[in-house]
Amino acid sequence: MKITGAQILLQSLKAEGVDTIFGYPGGAVIDIFDVMVRQFSGDFKFILVRHEQAAVHAADGYARATGRPGVCLVTSGPGGTNTVTGLATAYMDSIPLVVFTGQVPTPLIGNDAFQEADIVGITRPCTKHNYLVASVDQLATIIKEAFYIAISGRPGPVLVDLPKDVMQSKAEFIYPTKLNLTTYRPTVKAHIPSIKRAAELIRHAQRPVIYAGGGVITSGAHEELRTLAEMAGFPVAMTLMGLGCFPGTHPLSLGMLGMHGTYRANMAVNNSDLLLAVGARFDDRVTGRVEDFAPGAKIIHVDIDPTSIQKNIAVDVPIVADARDALARLVEVLKKTGRSDKSKEMLKNWHASITAWRNEQRLRFDRTSETIKPQYVVEKLYEITQGQAIIATEVGQNQMWAAQYYLFDHPRTLLSSGGLGTMGYGFPAAIGAQVAFPGKTVIDIAGDGSIQMNIQELATVAHYKLPVKIAILNNGYLGMVRQWQERFYDNVYAHTDIMASPDFVKLAEAYGALGLRAKFNSEVETVIREGLQSDGPVIMDFVVEREESVYPMVPAGASIKDMILV
Amino acid sequence: MENRHVISVLVENKPGVLARVSGMFSGRTFNIHSLTVAPTLDTDYSRMTIVTDGREQIIEQIIKQLRKLINVAKVQDLTRGDFVDREMVLIRMKATAAKRGEILGINDVFRGKVVDLTHDSVTLEVSGNQNKIEAILELLAPMGIQELIRTGTVAISRAKKSKLPGITQ
């Protein structure tokens, strides 16, 4: 029996195990929405956002929190162009998404039709791959390929553009069981001789550091990483994307490295003789001045994406592989060989140095202040949730304080736009995570600037009664830029003062959410407890020290050993 | 051009593939000196020949980034082995009867063809490797080139040397 393209699409999503879709209707996708309600109402949880950008971020948050691909459905033209920031965000952070966009009917494509945009052309550089479905006969195959490409290798977003007439025309539905992607075969298994070379370096390292990134989380390699670190006694520094891949409370954890990383992490990397980079890509926010990065270290680089290797930094042992496979094999080899006696002996000194660095310069802030210190808010959130919440962040100071003061013990509990640095990401991402885990505490740590970039989603959380908690660290500034202006631009605060913001408590109430405010340090704990106890959406507005800055700080382009400490 | 690399890219013959390749080059600020593309014997695939330049690390990135594209089947840096490359140029020269003989003489030396001739112009077709093309252009330039069209380089790797059939040892 022949069925319509719209029906084929939804049948295919069922076959892929999709149960949640984030999106927004429109003229070009009206057939899909119609059939979804008439025929598939029991099959999908559909979350109607209030802006398409939020649909993609929500699907992204869903994907980061669950490990499953996030799915979006939006209309043509502006519906598609509004997804671009979300796609670019997911692409930079290797998050698997499949985004379906409506398109004008095929005979009108290229005619500047109403709500037409060349979305395949626009999103080519910010998707892992994209498709225009030219005929209903290709539809099921393309969907199968889209999901496979999104989740395999180095994951990423895939966009599928669906012309309206393709959704209306009919074909037999057979969901393919096999893929025929002859030109796409990502390497996942590590090259054994390289593993042996790496193991040899690990055996003899005296001042080792593991530098772990988001790839460890993506591949589910956190157990293997922990086994290796504990077996060898290697300290672990994490990137922003890697936080949670190794327990933040573990004695071997150095916390985050890089521009706002801990003193001990950056000093350890800088003085190391072996750097084992896993699922990380030597981003400029991590390395600082590349020429001075880990100058005395041999570098082993495990990454599934060959383009990440030797892109920013020359490495001694490149290993193109899935992080989990590579780490498991390293563990296997090291179990047999063990570490050399000399290196074991020297490792004690290395741990002593790291402890000294830790004691010398801990993360710190003024605890006597009556004005609320933003770091204190994050620390209290950590204490009160006992580190068990899913934390989304916006971008800027709020993000860095969240990374520094919330110790992530579990993978997939920090949702943050690392690569693109998208303000407005956190709140919709928190929505996606809350949809996936209705019973979990999900908190968006926000700034007063970022939160206003997708504030309209308060309607979404009210609509679906999603108990997302928003903690605004409200300093009346675009704080990270202000901090740079203070440090490097003679205190000229060019357009970073945003005191003219809405009353966030009233705003929450206007949307039917709970609004709470703390103005003094003494009120912080009460507000957090009250906010977290509520079973609905909450905005907690923390009026914080206006000119607090994030430290340590490595100025852009400086060596990571040259941290500004206060 | 220093560090000239000729990269042969086998791609799926699908809409948008050229844009994916050229967009990757421009988005990452890699240089394209020339790019040619046409179907192969198997019409499901096309062959691109891309001439580019850059430091070793850049060339490595170009090759890896090309391989990363979903529609790319195979990438070879022909410059790393033995290869033959050719380019064709069409050159229209200003040529009255007085100058014509000299131009045709040069053309003969370079084994070019005359493809169009009028009272005051001659159009030549010359093909060869880069050195040859550059040499003839250098000779013709002072004589008044009116218009010049180059195809860009196409290239193929040389076959591995095999022993003559019937000869052992």
# chains A, B, ... in the order shown; residues from 1 in each chain; ligands from 1
>>> residues_around(residues="B:Ile103", least_positions_apart="2", cutoff="9 Å", atoms="only C-alpha atoms", output="list in words")
Met93, Ala95, Lys99, Arg100, Gly101, Gly105, Ile106, Asn107, Asp108, Val122, Leu140 and Met143 of chain B
>>> interface_residues(of="chain B", to="chain A", cutoff="12 Å", atoms="only C-alpha atoms", output="JSON, numbers by chain")
{"B": [9, 10, 11, 12, 13, 14, 15, 16, 17, 18, 19, 20, 21, 22, 23, 24, 25, 26, 27, 28, 44, 45, 56, 57, 58, 59, 60, 61, 62, 63, 64, 65, 66, 67, 68, 69, 70, 71, 72, 73, 74, 75]}
>>> write_last_selection(atoms="N, CA and C atoms", output="short mmCIF file (atom, residue, chain, number, x, y, z; two decimals), in the first residue's frame")
data_model
loop_
_atom_site.label_atom_id
_atom_site.label_comp_id
_atom_site.auth_asym_id
_atom_site.auth_seq_id
_atom_site.Cartn_x
_atom_site.Cartn_y
_atom_site.Cartn_z
N VAL B 9 40.53 13.99 -6.49
CA VAL B 9 39.44 13.69 -5.56
C VAL B 9 38.33 12.97 -6.30
N LEU B 10 38.04 11.76 -5.86
CA LEU B 10 36.92 11.02 -6.45
C LEU B 10 35.69 11.28 -5.60
N VAL B 11 34.65 11.83 -6.24
CA VAL B 11 33.44 12.19 -5.47
C VAL B 11 32.21 11.54 -6.08
N GLU B 12 31.18 11.41 -5.26
CA GLU B 12 29.91 10.95 -5.80
C GLU B 12 29.35 12.01 -6.73
N ASN B 13 28.77 11.56 -7.83
CA ASN B 13 28.21 12.49 -8.80
C ASN B 13 26.80 12.87 -8.36
N LYS B 14 26.73 13.78 -7.38
CA LYS B 14 25.44 14.18 -6.82
C LYS B 14 25.36 15.70 -6.78
N PRO B 15 24.13 16.24 -6.74
CA PRO B 15 24.02 17.71 -6.68
C PRO B 15 24.65 18.25 -5.41
N GLY B 16 25.31 19.39 -5.55
CA GLY B 16 25.85 20.06 -4.37
C GLY B 16 27.23 19.63 -3.95
N VAL B 17 27.78 18.59 -4.57
CA VAL B 17 29.08 18.09 -4.11
C VAL B 17 30.19 19.10 -4.39
N LEU B 18 30.12 19.75 -5.55
CA LEU B 18 31.13 20.77 -5.87
C LEU B 18 31.09 21.89 -4.82
N ALA B 19 29.87 22.27 -4.43
CA ALA B 19 29.73 23.33 -3.42
C ALA B 19 30.31 22.88 -2.09
N ARG B 20 30.12 21.61 -1.73
CA ARG B 20 30.69 21.12 -0.46
C ARG B 20 32.21 21.22 -0.49
N VAL B 21 32.80 20.84 -1.62
CA VAL B 21 34.26 20.86 -1.72
C VAL B 21 34.77 22.30 -1.75
N SER B 22 34.20 23.12 -2.63
CA SER B 22 34.72 24.49 -2.75
C SER B 22 34.42 25.29 -1.49
N GLY B 23 33.26 25.01 -0.87
CA GLY B 23 32.91 25.70 0.38
C GLY B 23 33.86 25.34 1.50
N MET B 24 34.30 24.08 1.54
CA MET B 24 35.26 23.67 2.57
C MET B 24 36.57 24.45 2.39
N PHE B 25 37.01 24.59 1.13
CA PHE B 25 38.24 25.34 0.86
C PHE B 25 38.09 26.79 1.30
N SER B 26 36.99 27.44 0.90
CA SER B 26 36.88 28.87 1.22
C SER B 26 36.65 29.07 2.71
N GLY B 27 35.83 28.20 3.33
CA GLY B 27 35.53 28.37 4.75
C GLY B 27 36.76 28.22 5.63
N ARG B 28 37.71 27.42 5.17
CA ARG B 28 38.92 27.20 5.96
C ARG B 28 40.11 27.95 5.39
N ASP B 44 28.44 7.28 -11.83
CA ASP B 44 28.01 7.59 -10.46
C ASP B 44 29.05 8.46 -9.74
N TYR B 45 30.24 8.53 -10.32
CA TYR B 45 31.32 9.27 -9.67
C TYR B 45 31.89 10.33 -10.61
N GLU B 56 53.22 21.81 4.53
CA GLU B 56 52.88 20.39 4.69
C GLU B 56 51.65 20.20 5.57
N GLN B 57 51.63 20.95 6.68
CA GLN B 57 50.54 20.79 7.65
C GLN B 57 49.21 21.22 7.03
N ILE B 58 49.26 22.23 6.18
CA ILE B 58 48.03 22.71 5.51
C ILE B 58 47.56 21.65 4.51
N ILE B 59 48.51 21.11 3.74
CA ILE B 59 48.14 20.10 2.74
C ILE B 59 47.53 18.88 3.44
N GLU B 60 48.11 18.50 4.58
CA GLU B 60 47.57 17.37 5.35
C GLU B 60 46.13 17.67 5.77
N GLN B 61 45.90 18.90 6.25
CA GLN B 61 44.54 19.28 6.64
C GLN B 61 43.59 19.26 5.44
N ILE B 62 44.05 19.77 4.30
CA ILE B 62 43.20 19.80 3.10
C ILE B 62 42.76 18.37 2.77
N ILE B 63 43.72 17.46 2.79
CA ILE B 63 43.41 16.08 2.42
C ILE B 63 42.45 15.46 3.43
N LYS B 64 42.71 15.69 4.72
CA LYS B 64 41.83 15.12 5.75
C LYS B 64 40.44 15.73 5.70
N GLN B 65 40.39 17.03 5.50
CA GLN B 65 39.07 17.69 5.44
C GLN B 65 38.29 17.22 4.22
N LEU B 66 38.99 16.96 3.11
CA LEU B 66 38.29 16.43 1.93
C LEU B 66 37.74 15.04 2.24
N ARG B 67 38.57 14.22 2.87
CA ARG B 67 38.13 12.85 3.20
C ARG B 67 36.95 12.85 4.15
N LYS B 68 36.86 13.90 4.95
CA LYS B 68 35.79 13.98 5.95
C LYS B 68 34.42 14.23 5.30
N LEU B 69 34.42 14.82 4.11
CA LEU B 69 33.15 15.10 3.45
C LEU B 69 32.47 13.78 3.07
N ILE B 70 31.18 13.71 3.37
CA ILE B 70 30.47 12.44 3.22
C ILE B 70 30.49 11.94 1.77
N ASN B 71 30.41 12.83 0.79
CA ASN B 71 30.31 12.40 -0.60
C ASN B 71 31.67 12.13 -1.27
N VAL B 72 32.74 12.28 -0.50
CA VAL B 72 34.06 12.07 -1.10
C VAL B 72 34.48 10.61 -0.91
N ALA B 73 34.82 9.95 -2.05
CA ALA B 73 35.18 8.54 -1.99
C ALA B 73 36.67 8.34 -1.79
N LYS B 74 37.48 9.17 -2.46
CA LYS B 74 38.92 8.91 -2.41
C LYS B 74 39.69 10.20 -2.65
N VAL B 75 40.76 10.38 -1.92
CA VAL B 75 41.58 11.57 -2.09
C VAL B 75 43.04 11.12 -2.23
#
>>> select_by_dssp(residues="chain B", states="helix (DSSP H, G or I)", output="PyMOL selection string")
chain B and resi 17-27+56-68+78-80+97-109+130-143
>>> write_last_selection(atoms="C-alpha atoms", output="PDB file, in the first residue's frame")
ATOM      1  CA  VAL B  17      29.083  18.086  -4.112  1.00  0.00           C
ATOM      2  CA  LEU B  18      31.128  20.766  -5.866  1.00  0.00           C
ATOM      3  CA  ALA B  19      29.734  23.333  -3.424  1.00  0.00           C
ATOM      4  CA  ARG B  20      30.688  21.115  -0.464  1.00  0.00           C
ATOM      5  CA  VAL B  21      34.261  20.857  -1.722  1.00  0.00           C
ATOM      6  CA  SER B  22      34.717  24.492  -2.751  1.00  0.00           C
ATOM      7  CA  GLY B  23      32.909  25.697   0.376  1.00  0.00           C
ATOM      8  CA  MET B  24      35.256  23.665   2.571  1.00  0.00           C
ATOM      9  CA  PHE B  25      38.239  25.337   0.862  1.00  0.00           C
ATOM     10  CA  SER B  26      36.875  28.865   1.218  1.00  0.00           C
ATOM     11  CA  GLY B  27      35.527  28.366   4.752  1.00  0.00           C
ATOM     12  CA  GLU B  56      52.880  20.394   4.687  1.00  0.00           C
ATOM     13  CA  GLN B  57      50.544  20.785   7.646  1.00  0.00           C
ATOM     14  CA  ILE B  58      48.034  22.705   5.508  1.00  0.00           C
ATOM     15  CA  ILE B  59      48.136  20.099   2.745  1.00  0.00           C
ATOM     16  CA  GLU B  60      47.569  17.374   5.346  1.00  0.00           C
ATOM     17  CA  GLN B  61      44.540  19.284   6.637  1.00  0.00           C
ATOM     18  CA  ILE B  62      43.197  19.795   3.104  1.00  0.00           C
ATOM     19  CA  ILE B  63      43.408  16.077   2.416  1.00  0.00           C
ATOM     20  CA  LYS B  64      41.833  15.118   5.753  1.00  0.00           C
ATOM     21  CA  GLN B  65      39.074  17.686   5.444  1.00  0.00           C
ATOM     22  CA  LEU B  66      38.293  16.426   1.933  1.00  0.00           C
ATOM     23  CA  ARG B  67      38.125  12.847   3.197  1.00  0.00           C
ATOM     24  CA  LYS B  68      35.787  13.977   5.950  1.00  0.00           C
ATOM     25  CA  LEU B  78      49.386  13.018  -6.811  1.00  0.00           C
ATOM     26  CA  THR B  79      52.409  15.166  -6.059  1.00  0.00           C
ATOM     27  CA  ARG B  80      53.579  12.492  -3.642  1.00  0.00           C
ATOM     28  CA  ALA B  97      49.674  39.461 -41.690  1.00  0.00           C
ATOM     29  CA  ALA B  98      53.022  40.925 -40.637  1.00  0.00           C
ATOM     30  CA  LYS B  99      53.052  39.240 -37.228  1.00  0.00           C
ATOM     31  CA  ARG B 100      51.203  36.059 -38.118  1.00  0.00           C
ATOM     32  CA  GLY B 101      54.235  34.092 -39.279  1.00  0.00           C
ATOM     33  CA  GLU B 102      56.152  34.585 -36.050  1.00  0.00           C
ATOM     34  CA  ILE B 103      53.170  33.572 -33.934  1.00  0.00           C
ATOM     35  CA  LEU B 104      52.547  30.456 -35.977  1.00  0.00           C
ATOM     36  CA  GLY B 105      56.223  29.603 -35.701  1.00  0.00           C
ATOM     37  CA  ILE B 106      56.115  29.692 -31.936  1.00  0.00           C
ATOM     38  CA  ASN B 107      52.898  27.715 -32.043  1.00  0.00           C
ATOM     39  CA  ASP B 108      54.567  25.020 -34.141  1.00  0.00           C
ATOM     40  CA  VAL B 109      57.449  24.654 -31.717  1.00  0.00           C
ATOM     41  CA  GLN B 130      52.511  23.657 -16.431  1.00  0.00           C
ATOM     42  CA  ASN B 131      56.064  24.443 -17.553  1.00  0.00           C
ATOM     43  CA  LYS B 132      55.174  24.229 -21.190  1.00  0.00           C
ATOM     44  CA  ILE B 133      52.097  26.425 -20.844  1.00  0.00           C
ATOM     45  CA  GLU B 134      54.037  29.004 -18.910  1.00  0.00           C
ATOM     46  CA  ALA B 135      56.829  28.971 -21.473  1.00  0.00           C
ATOM     47  CA  ILE B 136      54.596  29.659 -24.452  1.00  0.00           C
ATOM     48  CA  LEU B 137      52.658  32.328 -22.609  1.00  0.00           C
ATOM     49  CA  GLU B 138      55.891  34.045 -21.748  1.00  0.00           C
ATOM     50  CA  LEU B 139      56.880  34.075 -25.416  1.00  0.00           C
ATOM     51  CA  LEU B 140      53.498  35.233 -26.653  1.00  0.00           C
ATOM     52  CA  ALA B 141      52.787  37.860 -24.006  1.00  0.00           C
ATOM     53  CA  PRO B 142      54.923  40.638 -25.567  1.00  0.00           C
ATOM     54  CA  MET B 143      53.206  40.060 -28.925  1.00  0.00           C
TER      55      MET B 143
END
>>> residues_around(residues="A:Ala190", least_positions_apart="6", cutoff="8 Å", atoms="only C-alpha atoms", output="list of chain:residue names")
A:Ile319, A:Val320, A:Ala321, A:Asp322, A:Asp325, A:Ala326
>>> write_last_selection(atoms="C-alpha atoms", output="PDB file, in the first residue's frame")
ATOM      1  CA  ILE A 319      45.579   7.454  17.300  1.00  0.00           C
ATOM      2  CA  VAL A 320      42.490   7.778  15.116  1.00  0.00           C
ATOM      3  CA  ALA A 321      39.886   5.800  17.006  1.00  0.00           C
ATOM      4  CA  ASP A 322      36.828   5.826  19.167  1.00  0.00           C
ATOM      5  CA  ASP A 325      38.158   1.414  22.005  1.00  0.00           C
ATOM      6  CA  ALA A 326      41.537   3.130  22.330  1.00  0.00           C
TER       7      ALA A 326
END
>>> residues_around(residues="A:Cys245", least_positions_apart="5", cutoff="7 Å", atoms="only C-alpha atoms", output="PDB file with C-alpha atoms, in the first residue's frame")
ATOM      1  CA  VAL A 216      35.190  10.647  26.204  1.00  0.00           C
ATOM      2  CA  ILE A 217      31.561  11.418  27.009  1.00  0.00           C
ATOM      3  CA  HIS A 222      34.291   7.312  31.180  1.00  0.00           C
ATOM      4  CA  HIS A 410      28.825  11.998  36.098  1.00  0.00           C
ATOM      5  CA  PRO A 411      28.985  12.253  32.326  1.00  0.00           C
TER       6      PRO A 411
END
>>> atom_distance(atom1="atom CA of A:Pro69", atom2="atom CA of A:Ile151")
6.7 Å
>>> residues_around(residues="A:Gln404", least_positions_apart="4", cutoff="8 Å", atoms="only C-alpha atoms", output="mmCIF file with N, CA and C atoms, in the first residue's frame")
data_model
loop_
_atom_site.group_PDB
_atom_site.id
_atom_site.type_symbol
_atom_site.label_atom_id
_atom_site.label_comp_id
_atom_site.auth_asym_id
_atom_site.auth_seq_id
_atom_site.Cartn_x
_atom_site.Cartn_y
_atom_site.Cartn_z
ATOM 1 N N GLY A 255 40.430 19.159 37.697
ATOM 2 C CA GLY A 255 39.430 20.139 37.271
ATOM 3 C C GLY A 255 39.653 20.514 35.820
ATOM 4 N N MET A 256 39.165 21.683 35.476
ATOM 5 C CA MET A 256 39.233 22.130 34.079
ATOM 6 C C MET A 256 40.580 22.778 33.795
ATOM 7 N N GLY A 261 40.824 27.670 33.519
ATOM 8 C CA GLY A 261 41.050 26.420 34.219
ATOM 9 C C GLY A 261 41.717 26.656 35.569
ATOM 10 N N THR A 262 41.861 25.573 36.318
ATOM 11 C CA THR A 262 42.488 25.699 37.629
ATOM 12 C C THR A 262 43.996 25.893 37.465
ATOM 13 N N LEU A 363 40.813 27.763 43.753
ATOM 14 C CA LEU A 363 39.742 28.644 43.305
ATOM 15 C C LEU A 363 39.208 29.346 44.544
ATOM 16 N N MET A 400 31.538 29.840 33.085
ATOM 17 C CA MET A 400 32.843 29.530 33.685
ATOM 18 C C MET A 400 32.717 29.266 35.179
#
>>> select_by_dssp(residues="stretch 225-398 of chain A", states="strand (DSSP E)", output="ChimeraX atom specification")
/A:236-238,253-256,274-278,298-303,317-320,390-393
>>> write_last_selection(atoms="C-alpha atoms", output="PDB file, in the first residue's frame")
ATOM      1  CA  VAL A 236      43.109  14.074  34.773  1.00  0.00           C
ATOM      2  CA  ALA A 237      42.491  17.588  33.479  1.00  0.00           C
ATOM      3  CA  MET A 238      39.242  18.139  31.621  1.00  0.00           C
ATOM      4  CA  SER A 253      40.903  15.205  39.116  1.00  0.00           C
ATOM      5  CA  LEU A 254      42.673  18.463  38.306  1.00  0.00           C
ATOM      6  CA  GLY A 255      39.430  20.139  37.271  1.00  0.00           C
ATOM      7  CA  MET A 256      39.233  22.130  34.079  1.00  0.00           C
ATOM      8  CA  LEU A 274      53.512  13.098  28.789  1.00  0.00           C
ATOM      9  CA  LEU A 275      50.141  14.407  27.723  1.00  0.00           C
ATOM     10  CA  LEU A 276      47.514  11.822  26.878  1.00  0.00           C
ATOM     11  CA  ALA A 277      44.825  13.762  25.001  1.00  0.00           C
ATOM     12  CA  VAL A 278      41.597  11.825  24.583  1.00  0.00           C
ATOM     13  CA  LYS A 298      55.369  13.896  24.441  1.00  0.00           C
ATOM     14  CA  ILE A 299      51.806  13.975  23.206  1.00  0.00           C
ATOM     15  CA  ILE A 300      49.510  11.044  22.510  1.00  0.00           C
ATOM     16  CA  HIS A 301      46.352  12.167  20.772  1.00  0.00           C
ATOM     17  CA  VAL A 302      43.306   9.913  20.574  1.00  0.00           C
ATOM     18  CA  ASP A 303      40.523  11.308  18.418  1.00  0.00           C
ATOM     19  CA  VAL A 317      51.538   9.350  18.717  1.00  0.00           C
ATOM     20  CA  PRO A 318      48.331  10.010  16.785  1.00  0.00           C
ATOM     21  CA  ILE A 319      45.579   7.454  17.300  1.00  0.00           C
ATOM     22  CA  VAL A 320      42.490   7.778  15.116  1.00  0.00           C
ATOM     23  CA  ILE A 390      21.749  18.261  35.318  1.00  0.00           C
ATOM     24  CA  ILE A 391      23.289  21.689  34.805  1.00  0.00           C
ATOM     25  CA  ALA A 392      22.825  23.695  31.641  1.00  0.00           C
ATOM     26  CA  THR A 393      24.720  26.940  31.263  1.00  0.00           C
TER      27      THR A 393
END
>>> closest_residue(among="B:Glu87, B:Asn129, B:Val154, B:Arg92", to="B:Val115", atoms="only C-alpha atoms")
B:Arg92
>>> residues_around(residues="stretch 104-117 of chain A", least_positions_apart="4", cutoff="10 Å", atoms="only C-alpha atoms", output="mmCIF file with N, CA and C atoms, in the first residue's frame")
data_model
loop_
_atom_site.group_PDB
_atom_site.id
_atom_site.type_symbol
_atom_site.label_atom_id
_atom_site.label_comp_id
_atom_site.auth_asym_id
_atom_site.auth_seq_id
_atom_site.Cartn_x
_atom_site.Cartn_y
_atom_site.Cartn_z
ATOM 1 N N GLY A 26 4.321 25.212 10.367
ATOM 2 C CA GLY A 26 4.309 26.257 9.351
ATOM 3 C C GLY A 26 3.732 25.688 8.069
ATOM 4 N N GLY A 27 3.551 26.548 7.083
ATOM 5 C CA GLY A 27 2.854 26.171 5.855
ATOM 6 C C GLY A 27 3.466 24.973 5.146
ATOM 7 N N ALA A 28 4.794 24.936 5.070
ATOM 8 C CA ALA A 28 5.445 23.897 4.272
ATOM 9 C C ALA A 28 5.422 22.531 4.958
ATOM 10 N N VAL A 29 5.175 22.510 6.272
ATOM 11 C CA VAL A 29 5.193 21.223 6.989
ATOM 12 C C VAL A 29 3.810 20.866 7.549
ATOM 13 N N THR A 75 9.459 24.572 9.853
ATOM 14 C CA THR A 75 8.988 24.871 8.504
ATOM 15 C C THR A 75 10.104 25.446 7.627
ATOM 16 N N SER A 76 9.712 25.814 6.411
ATOM 17 C CA SER A 76 10.680 26.318 5.423
ATOM 18 C C SER A 76 11.102 27.747 5.759
ATOM 19 N N GLY A 77 11.954 28.312 4.943
ATOM 20 C CA GLY A 77 12.324 29.728 5.011
ATOM 21 C C GLY A 77 12.808 30.127 6.390
ATOM 22 N N PRO A 78 12.095 31.037 7.051
ATOM 23 C CA PRO A 78 12.556 31.514 8.361
ATOM 24 C C PRO A 78 12.609 30.394 9.396
ATOM 25 N N GLY A 79 11.749 29.400 9.266
ATOM 26 C CA GLY A 79 11.808 28.249 10.182
ATOM 27 C C GLY A 79 13.180 27.605 10.080
ATOM 28 N N GLY A 80 13.637 27.418 8.861
ATOM 29 C CA GLY A 80 14.952 26.821 8.636
ATOM 30 C C GLY A 80 16.076 27.741 9.070
ATOM 31 N N THR A 81 16.008 29.012 8.665
ATOM 32 C CA THR A 81 17.131 29.904 8.994
ATOM 33 C C THR A 81 17.244 30.086 10.510
ATOM 34 N N GLY A 121 21.973 24.933 1.202
ATOM 35 C CA GLY A 121 23.137 25.773 0.919
ATOM 36 C C GLY A 121 23.592 26.533 2.155
ATOM 37 N N ILE A 122 22.633 27.077 2.886
ATOM 38 C CA ILE A 122 22.968 27.887 4.065
ATOM 39 C C ILE A 122 23.639 27.036 5.142
ATOM 40 N N LEU A 132 18.598 17.414 0.450
ATOM 41 C CA LEU A 132 17.311 17.865 -0.060
ATOM 42 C C LEU A 132 16.648 16.621 -0.641
ATOM 43 N N VAL A 133 15.472 16.282 -0.143
ATOM 44 C CA VAL A 133 14.798 15.080 -0.643
ATOM 45 C C VAL A 133 14.067 15.446 -1.929
ATOM 46 N N ALA A 134 14.594 14.981 -3.070
ATOM 47 C CA ALA A 134 14.042 15.399 -4.352
ATOM 48 C C ALA A 134 12.815 14.588 -4.741
ATOM 49 N N SER A 135 12.699 13.370 -4.179
ATOM 50 C CA SER A 135 11.556 12.534 -4.549
ATOM 51 C C SER A 135 11.181 11.646 -3.365
ATOM 52 N N ASP A 161 15.935 18.390 4.211
ATOM 53 C CA ASP A 161 14.997 19.391 3.704
ATOM 54 C C ASP A 161 13.881 18.681 2.927
ATOM 55 N N LEU A 162 12.635 18.972 3.297
ATOM 56 C CA LEU A 162 11.493 18.198 2.802
ATOM 57 C C LEU A 162 10.530 19.079 1.998
ATOM 58 N N PRO A 163 10.604 19.049 0.677
ATOM 59 C CA PRO A 163 9.662 19.843 -0.118
ATOM 60 C C PRO A 163 8.220 19.382 0.128
ATOM 61 N N LYS A 164 7.328 20.347 0.101
ATOM 62 C CA LYS A 164 5.938 20.076 0.468
ATOM 63 C C LYS A 164 5.304 19.008 -0.427
ATOM 64 N N ASP A 165 5.590 19.064 -1.741
ATOM 65 C CA ASP A 165 4.976 18.083 -2.648
ATOM 66 C C ASP A 165 5.518 16.673 -2.400
ATOM 67 N N VAL A 166 6.755 16.591 -1.923
ATOM 68 C CA VAL A 166 7.311 15.268 -1.592
ATOM 69 C C VAL A 166 6.562 14.673 -0.388
ATOM 70 N N MET A 167 6.178 15.550 0.535
ATOM 71 C CA MET A 167 5.419 15.084 1.707
ATOM 72 C C MET A 167 4.008 14.646 1.322
ATOM 73 N N GLN A 168 3.510 15.200 0.226
ATOM 74 C CA GLN A 168 2.130 14.887 -0.179
ATOM 75 C C GLN A 168 2.053 13.706 -1.137
#
>>> residues_around(residues="B:Asp53", least_positions_apart="3", cutoff="6 Å", atoms="only C-alpha atoms", output="list of chain:residue names")
B:Asn3, B:Arg4, B:His5
>>> atom_distance(atom1="atom CA of B:Ala155", atom2="atom CA of B:Val84")
5.5 Å
>>> atom_distance(atom1="atom CA of A:Gly557", atom2="atom CA of A:Asp283")
11.7 Å
>>> decode(residues="stretch 75-102 of chain A", atoms="C-alpha atoms", output="CSV table (one decimal), in the first residue's frame")
chain,number,residue,atom,x,y,z
A,75,THR,CA,9.0,24.9,8.5
A,76,SER,CA,10.7,26.3,5.4
A,77,GLY,CA,12.3,29.7,5.0
A,78,PRO,CA,12.6,31.5,8.4
A,79,GLY,CA,11.8,28.2,10.2
A,80,GLY,CA,15.0,26.8,8.6
A,81,THR,CA,17.1,29.9,9.0
A,82,ASN,CA,16.2,30.1,12.7
A,83,THR,CA,17.8,26.7,13.2
A,84,VAL,CA,21.2,27.8,11.9
A,85,THR,CA,22.6,28.9,15.3
A,86,GLY,CA,21.4,25.7,16.9
A,87,LEU,CA,23.0,23.6,14.1
A,88,ALA,CA,26.3,25.5,14.3
A,89,THR,CA,26.3,25.0,18.1
A,90,ALA,CA,25.7,21.2,17.8
A,91,TYR,CA,28.3,20.9,15.0
A,92,MET,CA,31.0,22.6,17.0
A,93,ASP,CA,30.3,20.3,20.0
A,94,SER,CA,29.7,17.1,17.9
A,95,ILE,CA,26.2,16.6,19.1
A,96,PRO,CA,24.0,14.2,17.1
A,97,LEU,CA,20.8,15.8,15.7
A,98,VAL,CA,18.5,15.2,12.8
A,99,VAL,CA,16.7,18.4,11.9
A,100,PHE,CA,13.9,18.3,9.4
A,101,THR,CA,13.0,21.5,7.6
A,102,GLY,CA,10.0,22.1,5.3
